[in-house]
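Trainee: First the structure, then my questions, so here it is.
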Amino acid sequence: MKVARLVVFLGALCLLAGCGVASTNPPVPEAHEIAIDRAGAGAVRLTAEEYRFGLSKVTVRAGQVDFVLTNRGKWIHEAVVVPVEGTRYGQPVAQVGSVPSGESGAARVTLAPGRYIIVCLLAASRDGDVVSHWSQGMEAELEVTPS
């Protein structure tokens with residue numbers, strides 16, 4: 001049982017890393033972590049708690065997008081932004097990584113129009129099993145419209 005869950009989790013990571021995605025995808029935009037006070041007024045603000053995200057908005061215009069993650073949970077969380085086309089995941093395009101409880105982090109990326117999911121890929125051991133935060137429901141959708 002533990003091995004099966006680990007295989008499923010590793011498979012999900014492979015999907016997010018771009019395995020099985022057509023090589024005709026455009027290059028992955030370069031994201032940068034930024035200081036929180038550098039985030040624009042229109043930033044997508046995410047609140048992380050155990051196994052869920054709250055988003056300040058679910059639609060943004062294409063172009064430069066800032067993400068600010070505030071961790072209100074008791075465990076470390078992250079926010080990984082992944083494009084989705086139909087049922088296929090692209091390569092992650094941005095990440096606000098490893099934000100401890102009570103702290104915040106920010107990142108900036110230029111996004112093309114499309115649908116994206118924001119997930120927490122961190123995992124923890126629970127009752128001897130490896131459990132990813134994403135598998136527990138820590139996912140949110142973001143729509144990027146043409147500018």
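Each chain in the structure tokens gets a letter, A, B and so on, in the order shown; residues start at 1 in every chain, and ligands are counted from 1 in the order they appear.
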Run DSSP on the backbone and tell me which residues of chain A come out as helix (DSSP H, G or I); list them as a short mmCIF file (atom, residue, chain, number, x, y, z; two decimals) with N, CA and C atoms, in the first residue's frame.

Mentor:
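So the final result, stored in out.cif, reads:
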data_model
loop_
_atom_site.label_atom_id
_atom_site.label_comp_id
_atom_site.auth_asym_id
_atom_site.auth_seq_id
_atom_site.Cartn_x
_atom_site.Cartn_y
_atom_site.Cartn_z
N LYS A 2 1.89 1.29 0.87
CA LYS A 2 2.77 2.45 0.93
C LYS A 2 3.51 2.64 -0.38
N VAL A 3 3.98 1.54 -0.96
CA VAL A 3 4.71 1.61 -2.22
C VAL A 3 3.80 2.11 -3.33
N ALA A 4 2.56 1.64 -3.37
CA ALA A 4 1.61 2.07 -4.40
C ALA A 4 1.36 3.57 -4.31
N ARG A 5 1.21 4.11 -3.13
CA ARG A 5 0.98 5.55 -2.97
C ARG A 5 2.20 6.34 -3.40
N LEU A 6 3.39 5.84 -3.08
CA LEU A 6 4.61 6.51 -3.48
C LEU A 6 4.74 6.51 -5.00
N VAL A 7 4.39 5.41 -5.64
CA VAL A 7 4.45 5.34 -7.10
C VAL A 7 3.47 6.33 -7.72
N VAL A 8 2.26 6.45 -7.17
CA VAL A 8 1.28 7.41 -7.67
C VAL A 8 1.80 8.83 -7.49
N PHE A 9 2.37 9.11 -6.34
CA PHE A 9 2.91 10.45 -6.07
C PHE A 9 4.04 10.78 -7.02
N LEU A 10 4.97 9.84 -7.23
CA LEU A 10 6.09 10.07 -8.15
C LEU A 10 5.59 10.24 -9.58
N GLY A 11 4.54 9.51 -9.94
CA GLY A 11 3.95 9.67 -11.26
C GLY A 11 3.38 11.07 -11.45
N ALA A 12 2.73 11.59 -10.41
CA ALA A 12 2.18 12.95 -10.48
C ALA A 12 3.30 13.96 -10.63
N LEU A 13 4.40 13.76 -9.93
CA LEU A 13 5.54 14.67 -10.07
C LEU A 13 6.09 14.61 -11.49
N CYS A 14 6.13 13.43 -12.05
CA CYS A 14 6.60 13.27 -13.43
C CYS A 14 5.70 14.05 -14.39
N LEU A 15 4.39 13.98 -14.18
CA LEU A 15 3.48 14.74 -15.02
C LEU A 15 3.75 16.23 -14.93
N LEU A 16 3.96 16.70 -13.71
CA LEU A 16 4.22 18.13 -13.53
C LEU A 16 5.57 18.54 -14.11
N ILE A 36 8.35 40.40 -0.78
CA ILE A 36 6.90 40.58 -0.68
C ILE A 36 6.50 42.03 -0.95
N ASP A 37 7.29 42.98 -0.48
CA ASP A 37 6.94 44.38 -0.68
C ASP A 37 7.13 44.83 -2.13
N ARG A 38 7.70 43.98 -2.98
CA ARG A 38 7.87 44.29 -4.40
C ARG A 38 6.68 43.78 -5.23
N TRP A 134 -1.07 17.94 -2.33
CA TRP A 134 -1.92 18.02 -3.51
C TRP A 134 -2.95 16.89 -3.49
N SER A 135 -2.52 15.68 -3.15
CA SER A 135 -3.46 14.55 -3.14
C SER A 135 -4.54 14.73 -2.08
N GLN A 136 -4.30 15.60 -1.11
CA GLN A 136 -5.28 15.88 -0.07
C GLN A 136 -6.19 17.06 -0.44
#

Trainee: DSSP on the backbone, then: every residue of region 69-108 of chain A marked strand (DSSP E or B), written as a PDB file with N, CA and C atoms, in the first residue's frame.

Mentor:
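In the end it all went to result29.pdb:
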ATOM      1  N   LEU A  69       2.234  34.205  -1.340  1.00  0.00           N
ATOM      2  CA  LEU A  69       1.722  33.086  -0.554  1.00  0.00           C
ATOM      3  C   LEU A  69       1.915  33.375   0.923  1.00  0.00           C
ATOM      4  N   THR A  70       0.819  33.344   1.678  1.00  0.00           N
ATOM      5  CA  THR A  70       0.867  33.482   3.127  1.00  0.00           C
ATOM      6  C   THR A  70       0.451  32.151   3.727  1.00  0.00           C
ATOM      7  N   ASN A  71       1.309  31.601   4.567  1.00  0.00           N
ATOM      8  CA  ASN A  71       1.041  30.295   5.166  1.00  0.00           C
ATOM      9  C   ASN A  71       0.385  30.479   6.528  1.00  0.00           C
ATOM     10  N   HIS A  77       4.312  25.023   3.464  1.00  0.00           N
ATOM     11  CA  HIS A  77       3.580  24.881   2.210  1.00  0.00           C
ATOM     12  C   HIS A  77       4.312  25.622   1.111  1.00  0.00           C
ATOM     13  N   GLU A  78       3.952  25.313  -0.128  1.00  0.00           N
ATOM     14  CA  GLU A  78       4.482  26.003  -1.293  1.00  0.00           C
ATOM     15  C   GLU A  78       3.349  26.182  -2.291  1.00  0.00           C
ATOM     16  N   ALA A  79       3.586  27.002  -3.294  1.00  0.00           N
ATOM     17  CA  ALA A  79       2.610  27.188  -4.371  1.00  0.00           C
ATOM     18  C   ALA A  79       3.349  27.024  -5.690  1.00  0.00           C
ATOM     19  N   VAL A  80       2.975  26.003  -6.454  1.00  0.00           N
ATOM     20  CA  VAL A  80       3.582  25.725  -7.750  1.00  0.00           C
ATOM     21  C   VAL A  80       2.518  25.981  -8.807  1.00  0.00           C
ATOM     22  N   VAL A  81       2.843  26.824  -9.796  1.00  0.00           N
ATOM     23  CA  VAL A  81       1.906  27.203 -10.845  1.00  0.00           C
ATOM     24  C   VAL A  81       2.187  26.345 -12.081  1.00  0.00           C
ATOM     25  N   VAL A  82       1.151  25.630 -12.529  1.00  0.00           N
ATOM     26  CA  VAL A  82       1.299  24.660 -13.617  1.00  0.00           C
ATOM     27  C   VAL A  82       0.239  24.927 -14.688  1.00  0.00           C
ATOM     28  N   PRO A  83       0.655  25.080 -15.969  1.00  0.00           N
ATOM     29  CA  PRO A  83      -0.350  25.236 -17.025  1.00  0.00           C
ATOM     30  C   PRO A  83      -1.076  23.922 -17.282  1.00  0.00           C
ATOM     31  N   VAL A  84      -2.349  24.028 -17.646  1.00  0.00           N
ATOM     32  CA  VAL A  84      -3.159  22.844 -17.943  1.00  0.00           C
ATOM     33  C   VAL A  84      -3.839  23.074 -19.281  1.00  0.00           C
ATOM     34  N   GLU A  85      -3.714  22.093 -20.161  1.00  0.00           N
ATOM     35  CA  GLU A  85      -4.400  22.153 -21.451  1.00  0.00           C
ATOM     36  C   GLU A  85      -5.204  20.875 -21.582  1.00  0.00           C
ATOM     37  N   ARG A  88      -4.023  17.601 -19.766  1.00  0.00           N
ATOM     38  CA  ARG A  88      -2.567  17.454 -19.712  1.00  0.00           C
ATOM     39  C   ARG A  88      -1.935  18.602 -18.938  1.00  0.00           C
ATOM     40  N   TYR A  89      -0.983  18.244 -18.101  1.00  0.00           N
ATOM     41  CA  TYR A  89      -0.238  19.224 -17.319  1.00  0.00           C
ATOM     42  C   TYR A  89       1.043  19.586 -18.061  1.00  0.00           C
ATOM     43  N   ALA A  94       6.110  28.631 -12.294  1.00  0.00           N
ATOM     44  CA  ALA A  94       6.468  29.509 -11.170  1.00  0.00           C
ATOM     45  C   ALA A  94       6.294  28.744  -9.872  1.00  0.00           C
ATOM     46  N   GLN A  95       7.019  29.199  -8.859  1.00  0.00           N
ATOM     47  CA  GLN A  95       6.914  28.565  -7.554  1.00  0.00           C
ATOM     48  C   GLN A  95       7.241  29.571  -6.463  1.00  0.00           C
ATOM     49  N   VAL A  96       6.406  29.580  -5.444  1.00  0.00           N
ATOM     50  CA  VAL A  96       6.738  30.229  -4.183  1.00  0.00           C
ATOM     51  C   VAL A  96       7.034  29.051  -3.269  1.00  0.00           C
ATOM     52  N   GLY A  97       8.300  28.842  -2.959  1.00  0.00           N
ATOM     53  CA  GLY A  97       8.689  27.598  -2.325  1.00  0.00           C
ATOM     54  C   GLY A  97       8.870  27.649  -0.824  1.00  0.00           C
ATOM     55  N   SER A  98       8.494  26.554  -0.201  1.00  0.00           N
ATOM     56  CA  SER A  98       8.769  26.250   1.207  1.00  0.00           C
ATOM     57  C   SER A  98       8.581  27.427   2.147  1.00  0.00           C
ATOM     58  N   VAL A  99       7.341  27.835   2.337  1.00  0.00           N
ATOM     59  CA  VAL A  99       7.019  28.943   3.237  1.00  0.00           C
ATOM     60  C   VAL A  99       6.611  28.362   4.588  1.00  0.00           C
ATOM     61  N   SER A 104       5.444  34.459   4.800  1.00  0.00           N
ATOM     62  CA  SER A 104       4.984  34.677   3.427  1.00  0.00           C
ATOM     63  C   SER A 104       6.156  34.645   2.468  1.00  0.00           C
ATOM     64  N   GLY A 105       5.856  34.417   1.203  1.00  0.00           N
ATOM     65  CA  GLY A 105       6.847  34.449   0.137  1.00  0.00           C
ATOM     66  C   GLY A 105       6.178  34.942  -1.125  1.00  0.00           C
ATOM     67  N   ALA A 106       6.969  35.336  -2.125  1.00  0.00           N
ATOM     68  CA  ALA A 106       6.402  35.874  -3.358  1.00  0.00           C
ATOM     69  C   ALA A 106       7.241  35.489  -4.560  1.00  0.00           C
ATOM     70  N   ALA A 107       6.594  35.457  -5.725  1.00  0.00           N
ATOM     71  CA  ALA A 107       7.272  35.170  -6.989  1.00  0.00           C
ATOM     72  C   ALA A 107       6.597  35.978  -8.093  1.00  0.00           C
ATOM     73  N   ARG A 108       7.360  36.216  -9.159  1.00  0.00           N
ATOM     74  CA  ARG A 108       6.860  36.967 -10.321  1.00  0.00           C
ATOM     75  C   ARG A 108       7.151  36.154 -11.576  1.00  0.00           C
TER      76      ARG A 108
END

Trainee: Would you compute the distance between CA of Gly73 (chain A) and CA of Ile118 (chain A)? Give it in Å to one decimal.

Mentor: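 Between these atoms lies a distance of 16.6 Å.
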
Trainee: Any idea what the distance is between CA of Thr145 (chain A) and CA of Ala48 (chain A)?

Mentor: 24.3 Å

Trainee: Env of Gly114 (chain A): 12 Å cut, atoms = only C-alpha atoms, seq-sep filter 3 positions within chain, self excluded. Answer as a ChimeraX atom specification.

Mentor: /A:59-63,82-86,89-90,111,117,141-147

Trainee: What does the distance from CA of Val44 (chain A) to CA of Lys74 (chain A) come to in Å, to one decimal?

Mentor: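 It comes out at 21.8 Å.
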
Trainee: Measuring between only C-alpha atoms, which one of A:Thr110, A:Ser132, A:Thr47, A:Ser125 shows the shortest distance to Arg72 (chain A)?

Mentor: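 Of A:Thr110, A:Ser132, A:Thr47, A:Ser125, the one nearest Arg72 (chain A), counting only C-alpha atoms, is A:Thr47.
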
Trainee: Which one of A:Leu121, A:Val58, A:Val93, A:Val131 sits closest to Glu30 (chain A) if you count only C-alpha atoms?

Mentor: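 Among the listed residues, A:Val93 lies closest to Glu30 (chain A).
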
Trainee: Counting only C-alpha atoms, figure out which residue out of A:Ala31, A:Cys120, A:Ala112, A:Val65 gets nearest to Arg45 (chain A).

Mentor: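 Checking each candidate against Arg45 (chain A), we get A:Val65 as the closest.
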
Trainee: With only C-alpha atoms as the basis for distance, which of A:Thr87, A:Val109, A:Gly54, A:Ala140 is at the shortest distance from Gly40 (chain A)?

Mentor: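 Smallest distance to Gly40 (chain A) is found for A:Val109.
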